[in-house]
Number of protein chains: 4
Amino acid sequence: MDHFYAHGRNHLFVPGPTNIPEEVIRAMNRNNENHRSPIIPALTKTLLVDIKKIFRTTSGIPFLIPTTGTGAWESALTNTCSPGDRIVSFLIGQFSYLWIEQQKQLNFNVDVVESEWGEGADLDILASKIASDKTHSIRALCIVHNETTTGVTNDLTKVRKILDEFNHPALVIVDAVSSIGALDFRMDEWGVDVVVTSSQKALSLPTGMGLVCAGPKAIEASKSAKSARSFFDWNGYLKSYKLETYWPYTPSIQLLYGLRAALDLIFEEGYENVILRHNRLAKATRLAVEAWGLKNCCQKEEWYSASVTAVVVPPNIDSGEIVNRAWKKYNLSLGVGLNKVAGKVFRIGHIGHLNELQLLGCLAGVEMTLKDVGYPVKLGSGVAAASAYLQNNTPIIPSRI
Amino acid sequence: MDHFYAHGRNHLFVPGPTNIPEEVIRAMNRNNENHRSPIIPALTKTLLVDIKKIFRTTSGIPFLIPTTGTGAWESALTNTCSPGDRIVSFLIGQFSYLWIEQQKQLNFNVDVVESEWGEGADLDILASKIASDKTHSIRALCIVHNETTTGVTNDLTKVRKILDEFNHPALVIVDAVSSIGALDFRMDEWGVDVVVTSSQKALSLPTGMGLVCAGPKAIEASKSAKSARSFFDWNGYLKSYKLETYWPYTPSIQLLYGLRAALDLIFEEGYENVILRHNRLAKATRLAVEAWGLKNCCQKEEWYSASVTAVVVPPNIDSGEIVNRAWKKYNLSLGVGLNKVAGKVFRIGHIGHLNELQLLGCLAGVEMTLKDVGYPVKLGSGVAAASAYLQNNTPIIPSRI
Amino acid sequence: MDHFYAHGRNHLFVPGPTNIPEEVIRAMNRNNENHRSPIIPALTKTLLVDIKKIFRTTSGIPFLIPTTGTGAWESALTNTCSPGDRIVSFLIGQFSYLWIEQQKQLNFNVDVVESEWGEGADLDILASKIASDKTHSIRALCIVHNETTTGVTNDLTKVRKILDEFNHPALVIVDAVSSIGALDFRMDEWGVDVVVTSSQKALSLPTGMGLVCAGPKAIEASKSAKSARSFFDWNGYLKSYKLETYWPYTPSIQLLYGLRAALDLIFEEGYENVILRHNRLAKATRLAVEAWGLKNCCQKEEWYSASVTAVVVPPNIDSGEIVNRAWKKYNLSLGVGLNKVAGKVFRIGHIGHLNELQLLGCLAGVEMTLKDVGYPVKLGSGVAAASAYLQNNTPIIPSRI
Amino acid sequence: MDHFYAHGRNHLFVPGPTNIPEEVIRAMNRNNENHRSPIIPALTKTLLVDIKKIFRTTSGIPFLIPTTGTGAWESALTNTCSPGDRIVSFLIGQFSYLWIEQQKQLNFNVDVVESEWGEGADLDILASKIASDKTHSIRALCIVHNETTTGVTNDLTKVRKILDEFNHPALVIVDAVSSIGALDFRMDEWGVDVVVTSSQKALSLPTGMGLVCAGPKAIEASKSAKSARSFFDWNGYLKSYKLETYWPYTPSIQLLYGLRAALDLIFEEGYENVILRHNRLAKATRLAVEAWGLKNCCQKEEWYSASVTAVVVPPNIDSGEIVNRAWKKYNLSLGVGLNKVAGKVFRIGHIGHLNELQLLGCLAGVEMTLKDVGYPVKLGSGVAAASAYLQNNTPIIPSRI
């Protein structure tokens, strides 16, 4: 049953699926229940209230869809746009690429703004497109908050500023899959119309829940959007909310209890503290990368990601070999390079339920692996750089003061 | 956290979500893993091989989609049909109704053949439609194998016979959600082109996996089907099968291990024995209903369902009250009446990981509940009738002989 | 790994080990922890406070020993008595027999008062022994509250009355293994000096915790008791309580969390309600036995046990065959007859985390098994009798009103 | 319920309780069972066979007692010795001290051979005692294989050589609590008569099983040993082995399944490989300690322990403060200094289910903690030293080659 057995724990440092807290594993360790009993609606109601705090919205309406991030993307698009609608989309890595592919499959008219992989969305081009779009032909902007391939975070406040400047009504649809719960994200403050995330990232749950939150403008848009849709239709959810059954079809009982536990843990740690922790671990990782003499795939500090760091390897080394070796020798799971950066980068996910020593164990493993594949790293150098930062910047665990 | 606490086990007798075996709960009690490591593809490969045995197909191609039955329906439709295509669909209860609603949402031209709720699909009408469809305007037939609302099972061999008789090329798309793993089902033998089921029914898993199996004709149809689709697109799966990554996006690690365990248990019990067991428990349930002096919602023996029995209550009693009371007093979860039969029937699901004494406990609970709500049942009568049958027809558990 | 696989749940109706609530299984589903961190003492402290409510004592001191009931017996004896001490002990079944064997092994001078198996302790003999023991040569009385072999409960208030009448200082040491959490038990009110139970009975935990509670007179006695002891010595515990480390050696982390969850569930249901529930299920069981035309091994109503019923089978039937068959055909685990009543009785444990429908499922299984082995039972008769009582006497689940 | 919540995993590096593999946690995640069904004896039988491979004995008889290491000690002593018997016992740390205290409580005549803490047992004194004991007044030698307080391993082959040289019949009773499963141990080859371990150490299980293995000479001795005993009596076990019920009282069902899984994992990794892994992690730890400029409490290389390293802190630092801080800031659980070395050493347990990166994470945490408390460590230095060794000496995981 368990193939590929290894001694000790797996060190899971891909940028999703992430490590699930024991508390959440426990909460999900249960039999099925009747989803039509009073229990599940009562539980769901608390989730719908609390997940809004995670999206930092009061006016948005959340949908907890039994799907993945890919399905959540589709839900965001088909409920707000009609076939042929012009969508401005930013291509900056594999996930924005896949999203754009989906937009094409769904028959939207995609206006792609491409950047070098390692750079953020080109907002100058956006500004000029918006400026010249007097007829408001642009229905929506689709942008990833954090591009998981390259470890690049876009500044969404700038997007909002551009639209506001020109008083443009385009919907802002954000892929926050590797962002929500890890990066600072403010739906209402930033004027995001639809935001999408998924359970197996910073929420530290199993895969299987695509979370979508729609603001008032998006809900309004959904009333006239002509894309054919059924499973992903918000209308079924909205009807069930009115009926207080909360579900148009059967949800995963286990994921609901898991989400409840995950949210409880986030609130117990303090949502602000969770974000600070992600920043802290990301910074420590970047210091290690620097100490190893390697480069961050992300080209500028303003785009640095708090959830994942893509590390560029020297040209003579295949990053895939690093990922393989780390797994085969140290039971360390790193992220591979995808598409354009395949073989060129490996990725360290520092997202989800993690702490300082887990990260330092990972960094020590990366060092040994680098040496294994012939890169002349000084063992301990990255750990030393990261430790120096962490030792100075890690607070006492609040519950243990 | 656990609202509505009750002493002792919940008696889960809705026709899904069903009881999860301890072995499966254990298999799913785990941390996330990197889905791009060699482990998950290796595991998936075994699942894709073994699930075909459950569908009884050698030529079909299975898709294990992170969704529910509703999503699996959509996947079956959008991959095989184009907007405007004529679909003959049978309306015999709430789930066939919802599927038809979906077919309309997805812009198919639905030709609805309605029956009284409690009756099977009207195959005479089908025969006449097929007979008169010389131009082969009918693209597909959509039919539920088992209608969960009314406990009615359609005879799919007759459907095939009608098509063969007229040499009609319509695709046969079957909702086998409350069937696969409980009822005898033979994809290849019966000429089913697409079959759909979901994890929380007879497979006894949590909700979250929609299983679709497509035969060669359906795969061929998918190449020209014009319905817009992305998440549910088979093509992404087929590409990943070729690459042996097996996933176009992130699957639930836990459900994969769960399905592995669930299949192992089915094969250990013997798939034939699993079907026989469902027949045995269903028969015992019907004997109890008869002993109580109540009627089966299913009007003819040929349609009797092995997975669920809908029981008609006398006109002076609200079946919703029975369901409420059973849950509030005996921690017994029964299925409510839906839509046209709301208030008129309650449902006993005898599907999934269950045995004889669990069922008899349920039947005893139904008896007491009937008495509680004023129906003059003779306590013990249903259990006696069911026991008499079960005592004579239950074999020794093979592993304990 | 799982030998003897069977479909559906195991119906566990032995009088221990009992069914563990899902909530408790979840609480125990965890990694080890450092038992010297602040967490475990803090947790233990809450357990030591709350377990006293279960023993209904304010002056007693509890010890949660990593052992079984047999070890808890030994702890009660060696901490209070010295080799050669005279102990009056009541032999009324297999467990009192084993305890007496232990008393002999530990070199006490055991004065055995035997009754027929099926009868309670002979308190008349006790009265005469106490009356004539002017020199107070009797150091202690050892008595089971509930004899698990025969389903006989002794009236401990009478024991106290006899001692008080003669102002006799003998210690009262009670085996409440199959009693605490199921039967009404009042340590302080009844003047019990040491009480012993174990985790896998009405507390519905795994085996592995022997719970001992010692009143002030017993603690005083422990200071001069000369029995050699180390692992079971109360002194090590008392020292650790003073140091607030709470453990003289390493406890099971999992059982501590399990006990916390088990106590929380008992308090949530209401301790009084838990006792009432045991009485209710026991009464229903006895009504079924009567309906089957069989006899209770327990000879008088005053001794009827709320935790287990031993059922006498006709002379031509081997009760062992009933137990075997129930397990092999219905996955029903019944208790065998032990020692003197081997082959003559089987036992239905109605103790621990159970509800009405679980019991009725068991009773239906017993009926079918009786028929299987040739006893001419009327199927449904026992269930009818039990149901009639339960339907009238089961309250709505408080959290669901 | 969960006090003291912290983000990320607890880093458990006390020398027991140790980290439980997910596979074992899963195996234990289950309801109770009837221990008198055929399942539990069949399972136990496999355990009794396989545990002998762990003790490396063919002639020994194992006892899996529901107790802790302290109880296992008592069982070893009371079954082989009589009150007043002369026992030569070596005091080299807190656990040998506690065992000697127990030996005194149990009324043996203990002849204590003390060493400085940090040194091994003084075998020269043993040799002279044995040489001069012409009357064979010495009944038994009690020696720890590995003293967990100081990280000192005794060479048991020398003990055997001394006895053989003088043809002395003393029983050799070994505490291998923090040894079995981590250190090379050979019961038969080394002529050990009784060996004792416990479940929460290198077997990586929860606390609650004390494992004792008795060789033929010990079994023979048990027939005439006069120590009063009941719960720990081997005779009850031997009788149950003959009856093939395998249990004189109720075992923990969960621990039996857990032990089965733990043994399966050891055999899958290869028992030799498990020992090599412990040596490897221990060596890496010592290299880190050296790099930090700190001293090993263990005074000579011949005594170095593969399961725990006790690190001596400079006189101006309180080792307790290190342990506190590591837990409060980094969620790292280290072992405290006990008794004579309280405040002077902290302990790193590198025992049980662990791998290289887990250890390196721990070492990074120790470094930061040392700096936190004012010790001028060079961050990264220990990790660098350990990594250099591990990178060169860690083989590819066999199942992943």
# chains A, B, ... in the order shown; residues from 1 in each chain; ligands from 1
$ residues_around --residues "Ser179 of chain C" --least-positions-apart "6" --cutoff "10 Å" --atoms "only C-alpha atoms" --output "MDAnalysis selection string"
chainID C and resid 144:148 153 185 196:198 201:203 275 305:308 351
$ write_last_selection --atoms "all heavy atoms" --output "compact mmCIF listing (two decimals), in the first residue's frame"
# COMPACT_ATOMS: atom_id res chain seq x y z
N VAL C 144 -16.48 -7.14 44.56
CA VAL C 144 -16.77 -6.55 43.25
C VAL C 144 -18.10 -5.82 43.31
O VAL C 144 -19.05 -6.33 43.89
CB VAL C 144 -16.81 -7.60 42.11
CG1 VAL C 144 -15.47 -8.28 41.94
CG2 VAL C 144 -17.91 -8.62 42.32
N HIS C 145 -18.16 -4.64 42.74
CA HIS C 145 -19.44 -3.96 42.67
C HIS C 145 -20.32 -4.70 41.67
O HIS C 145 -21.48 -4.98 41.94
CB HIS C 145 -19.25 -2.49 42.25
CG HIS C 145 -20.52 -1.68 42.33
ND1 HIS C 145 -20.73 -0.56 41.59
CD2 HIS C 145 -21.64 -1.86 43.07
CE1 HIS C 145 -21.94 -0.07 41.85
NE2 HIS C 145 -22.51 -0.84 42.75
N ASN C 146 -19.69 -5.04 40.55
CA ASN C 146 -20.44 -5.75 39.51
C ASN C 146 -19.61 -6.93 39.04
O ASN C 146 -18.48 -6.75 38.59
CB ASN C 146 -20.70 -4.80 38.33
CG ASN C 146 -21.59 -5.44 37.28
OD1 ASN C 146 -22.80 -5.60 37.51
ND2 ASN C 146 -21.02 -5.83 36.15
N GLU C 147 -20.14 -8.12 39.18
CA GLU C 147 -19.43 -9.32 38.72
C GLU C 147 -19.75 -9.51 37.23
O GLU C 147 -20.90 -9.79 36.85
CB GLU C 147 -19.85 -10.55 39.54
CG GLU C 147 -19.33 -11.87 39.03
CD GLU C 147 -17.81 -11.95 38.87
OE1 GLU C 147 -17.07 -11.82 39.86
OE2 GLU C 147 -17.36 -12.12 37.70
N THR C 148 -18.72 -9.35 36.42
CA THR C 148 -18.90 -9.32 34.97
C THR C 148 -19.23 -10.70 34.40
O THR C 148 -19.76 -10.82 33.29
CB THR C 148 -17.61 -8.78 34.31
OG1 THR C 148 -17.11 -7.69 35.07
CG2 THR C 148 -17.87 -8.29 32.90
N THR C 153 -24.83 -7.41 40.48
CA THR C 153 -24.36 -6.19 41.14
C THR C 153 -24.60 -6.29 42.64
O THR C 153 -25.73 -6.58 43.07
CB THR C 153 -25.09 -4.96 40.58
OG1 THR C 153 -24.82 -4.88 39.18
CG2 THR C 153 -24.62 -3.68 41.26
N PHE C 185 -22.55 4.89 41.41
CA PHE C 185 -21.48 4.56 42.35
C PHE C 185 -21.12 5.82 43.11
O PHE C 185 -20.90 6.87 42.52
CB PHE C 185 -20.25 4.03 41.60
CG PHE C 185 -19.13 3.66 42.52
CD1 PHE C 185 -19.04 2.38 43.05
CD2 PHE C 185 -18.18 4.60 42.91
CE1 PHE C 185 -18.03 2.05 43.94
CE2 PHE C 185 -17.18 4.28 43.81
CZ PHE C 185 -17.10 3.00 44.31
N VAL C 196 -11.48 0.70 42.25
CA VAL C 196 -10.61 0.34 41.14
C VAL C 196 -11.46 0.20 39.88
O VAL C 196 -12.52 -0.43 39.91
CB VAL C 196 -9.96 -1.03 41.45
CG1 VAL C 196 -9.45 -1.71 40.21
CG2 VAL C 196 -8.85 -0.86 42.49
N THR C 197 -11.01 0.82 38.79
CA THR C 197 -11.67 0.54 37.52
C THR C 197 -10.64 0.53 36.41
O THR C 197 -9.45 0.69 36.66
CB THR C 197 -12.83 1.51 37.22
OG1 THR C 197 -13.58 1.01 36.09
CG2 THR C 197 -12.33 2.91 36.88
N SER C 198 -11.11 0.33 35.18
CA SER C 198 -10.12 0.34 34.11
C SER C 198 -10.72 0.94 32.85
O SER C 198 -11.93 1.03 32.67
CB SER C 198 -9.52 -1.04 33.93
OG SER C 198 -10.17 -1.81 33.00
N LYS C 201 -13.70 -0.17 29.87
CA LYS C 201 -15.07 -0.56 30.22
C LYS C 201 -16.01 0.63 29.96
O LYS C 201 -16.06 1.10 28.84
CB LYS C 201 -15.08 -1.02 31.68
CG LYS C 201 -14.16 -2.24 31.92
CD LYS C 201 -14.78 -3.51 31.38
CE LYS C 201 -13.91 -4.74 31.66
NZ LYS C 201 -14.60 -5.98 31.34
N ALA C 202 -16.71 1.12 30.98
CA ALA C 202 -17.71 2.16 30.70
C ALA C 202 -17.08 3.49 30.31
O ALA C 202 -17.75 4.36 29.75
CB ALA C 202 -18.63 2.34 31.90
N LEU C 203 -15.79 3.67 30.56
CA LEU C 203 -15.15 4.90 30.11
C LEU C 203 -14.92 4.88 28.60
O LEU C 203 -14.55 5.89 28.00
CB LEU C 203 -13.83 5.14 30.87
CG LEU C 203 -14.00 5.44 32.35
CD1 LEU C 203 -12.63 5.48 33.05
CD2 LEU C 203 -14.74 6.77 32.57
N ILE C 275 -25.84 7.13 33.42
CA ILE C 275 -26.27 6.03 34.30
C ILE C 275 -27.68 5.58 33.91
O ILE C 275 -27.96 4.38 33.78
CB ILE C 275 -26.25 6.49 35.78
CG1 ILE C 275 -24.86 7.01 36.18
CG2 ILE C 275 -26.73 5.36 36.70
CD1 ILE C 275 -23.75 6.05 36.06
N SER C 305 -27.77 -6.38 36.84
CA SER C 305 -26.66 -5.51 36.47
C SER C 305 -27.03 -4.58 35.33
O SER C 305 -27.66 -5.00 34.36
CB SER C 305 -25.46 -6.36 36.04
OG SER C 305 -24.52 -5.56 35.37
N ALA C 306 -26.61 -3.33 35.44
CA ALA C 306 -26.86 -2.37 34.36
C ALA C 306 -25.78 -2.43 33.29
O ALA C 306 -25.89 -1.77 32.27
CB ALA C 306 -26.94 -0.95 34.94
N SER C 307 -24.74 -3.23 33.51
CA SER C 307 -23.68 -3.22 32.49
C SER C 307 -23.57 -4.51 31.68
O SER C 307 -23.06 -4.49 30.57
CB SER C 307 -22.33 -2.86 33.11
OG SER C 307 -22.02 -3.67 34.20
N VAL C 308 -24.05 -5.62 32.23
CA VAL C 308 -23.96 -6.86 31.47
C VAL C 308 -25.07 -7.82 31.91
O VAL C 308 -25.43 -7.85 33.08
CB VAL C 308 -22.56 -7.53 31.66
CG1 VAL C 308 -22.27 -7.78 33.13
CG2 VAL C 308 -22.43 -8.80 30.84
N ILE C 351 -22.67 -1.95 27.96
CA ILE C 351 -21.85 -1.02 28.73
C ILE C 351 -21.01 -0.18 27.78
O ILE C 351 -20.57 -0.64 26.74
CB ILE C 351 -20.95 -1.81 29.72
CG1 ILE C 351 -19.97 -0.90 30.44
CG2 ILE C 351 -20.23 -2.96 29.05
CD1 ILE C 351 -19.19 -1.60 31.58
$ interface_residues --of "chain B" --to "chain A" --cutoff "7 Å" --atoms "only C-alpha atoms" --output "PyMOL selection string"
chain B and resi 3-4+12+14+17-20+25+29-34+39+66-68+70-71+102+105-106+206-208+228-231+250-252+333
$ atom_distance --atom1 "atom CA of Gly380 of chain A" --atom2 "atom CA of Val383 of chain D"
5.7 Å
$ residues_around --residues "Leu294 of chain B" --least-positions-apart "5" --cutoff "9 Å" --atoms "only C-alpha atoms" --output "PyMOL selection string"
chain B and resi 288-289+311-314
$ select_by_dssp --residues "segment 137-310 of chain D" --states "alpha helix (DSSP H)" --output "PyMOL selection string"
chain D and resi 156-165+216-222+234-243+253-269+271-291
$ write_last_selection --atoms "C-alpha atoms" --output "compact mmCIF listing (two decimals), in the first residue's frame"
# COMPACT_ATOMS: atom_id res chain seq x y z
CA LEU D 156 27.60 -6.20 27.52
CA THR D 157 29.98 -8.61 25.86
CA LYS D 158 32.49 -7.81 28.58
CA VAL D 159 29.98 -8.62 31.27
CA ARG D 160 29.39 -12.01 29.75
CA LYS D 161 33.15 -12.63 29.42
CA ILE D 162 33.70 -11.93 33.12
CA LEU D 163 30.97 -14.33 34.18
CA ASP D 164 32.18 -17.01 31.81
CA GLU D 165 35.75 -16.61 32.97
CA PRO D 216 15.85 -20.42 29.52
CA LYS D 217 17.86 -19.81 32.67
CA ALA D 218 15.52 -16.99 33.68
CA ILE D 219 12.44 -19.09 32.99
CA GLU D 220 13.94 -21.82 35.15
CA ALA D 221 14.66 -19.30 37.89
CA SER D 222 11.08 -18.08 37.80
CA TRP D 234 5.28 -14.72 33.91
CA ASN D 235 3.37 -17.80 34.85
CA GLY D 236 0.04 -16.30 33.84
CA TYR D 237 1.48 -15.51 30.44
CA LEU D 238 3.03 -18.95 30.02
CA LYS D 239 -0.31 -20.59 30.81
CA SER D 240 -2.08 -18.39 28.28
CA TYR D 241 0.56 -19.25 25.67
CA LYS D 242 -0.17 -22.92 26.19
CA LEU D 243 -3.90 -22.28 25.86
CA ILE D 253 -5.92 -3.83 21.05
CA GLN D 254 -4.50 -0.64 19.58
CA LEU D 255 -0.96 -1.25 20.81
CA LEU D 256 -0.99 -4.74 19.33
CA TYR D 257 -1.88 -3.42 15.90
CA GLY D 258 0.62 -0.62 16.46
CA LEU D 259 3.41 -3.05 17.29
CA ARG D 260 2.53 -5.10 14.22
CA ALA D 261 2.91 -1.99 12.05
CA ALA D 262 6.09 -0.90 13.83
CA LEU D 263 7.73 -4.30 13.31
CA ASP D 264 6.65 -4.33 9.66
CA LEU D 265 8.35 -0.97 9.17
CA ILE D 266 11.55 -2.13 10.88
CA PHE D 267 11.69 -5.22 8.71
CA GLU D 268 10.92 -3.14 5.60
CA GLU D 269 13.78 -0.76 6.34
CA TYR D 271 16.81 -4.17 11.05
CA GLU D 272 20.52 -3.73 10.31
CA ASN D 273 19.78 -0.51 8.46
CA VAL D 274 17.80 0.79 11.42
CA ILE D 275 20.80 0.27 13.67
CA LEU D 276 23.12 1.87 11.13
CA ARG D 277 20.80 4.85 10.88
CA HIS D 278 20.88 5.34 14.64
CA ASN D 279 24.68 5.22 14.55
CA ARG D 280 24.74 7.71 11.71
CA LEU D 281 22.47 10.24 13.39
CA ALA D 282 24.36 9.87 16.67
CA LYS D 283 27.70 10.48 15.02
CA ALA D 284 26.33 13.56 13.25
CA THR D 285 25.04 14.88 16.56
CA ARG D 286 28.41 14.43 18.25
CA LEU D 287 30.13 16.26 15.41
CA ALA D 288 27.75 19.17 15.90
CA VAL D 289 28.38 19.25 19.63
CA GLU D 290 32.10 19.36 18.98
CA ALA D 291 31.67 22.16 16.46
$ residues_around --residues "segment 86-90 of chain C" --least-positions-apart "2" --cutoff "6 Å" --atoms "only C-alpha atoms" --output "tab-separated table (two decimals) with C-alpha atoms, in the first residue's frame"
chain	number	residue	atom	x	y	z
C	109	ASN	CA	-4.75	-14.38	54.39
C	110	VAL	CA	-7.90	-14.61	52.35
C	111	ASP	CA	-11.14	-15.47	54.06
C	112	VAL	CA	-13.34	-16.43	51.12
C	113	VAL	CA	-17.11	-16.12	51.26
C	114	GLU	CA	-18.53	-18.04	48.34
C	121	ALA	CA	-22.15	-11.57	47.85
C	138	ILE	CA	-10.06	-8.28	59.37
C	139	ARG	CA	-7.93	-5.76	57.61
C	140	ALA	CA	-10.03	-5.31	54.50
C	141	LEU	CA	-13.10	-6.42	52.59
C	142	CYS	CA	-12.65	-7.03	48.88
C	143	ILE	CA	-15.83	-6.99	46.89
$ residues_around --residues "segment 360-371 of chain B" --least-positions-apart "3" --cutoff "8 Å" --atoms "only C-alpha atoms" --output "PyMOL selection string"
(chain B and resi 11+13+285+288+292+322+325-326+330+332+356-357+374-380+382-383+386-387) or (chain C and resi 357-362+364+383+387-388+391)
$ atom_distance --atom1 "atom CA of Asn392 of chain D" --atom2 "atom CA of Ala385 of chain A"
22.8 Å
$ atom_distance --atom1 "atom CA of Trp117 of chain B" --atom2 "atom CA of Ala76 of chain B"
24.7 Å
$ select_by_dssp --residues "segment 61-194 of chain C" --states "strand (DSSP E)" --output "ChimeraX atom specification"
/C:61-65,86-91,109-114,138-144,146-147,152-153,171-175,194
$ residues_around --residues "segment 47-63 of chain A" --least-positions-apart "2" --cutoff "6 Å" --atoms "only C-alpha atoms" --output "PyMOL selection string"
chain A and resi 44-45+65+186-188+211-215
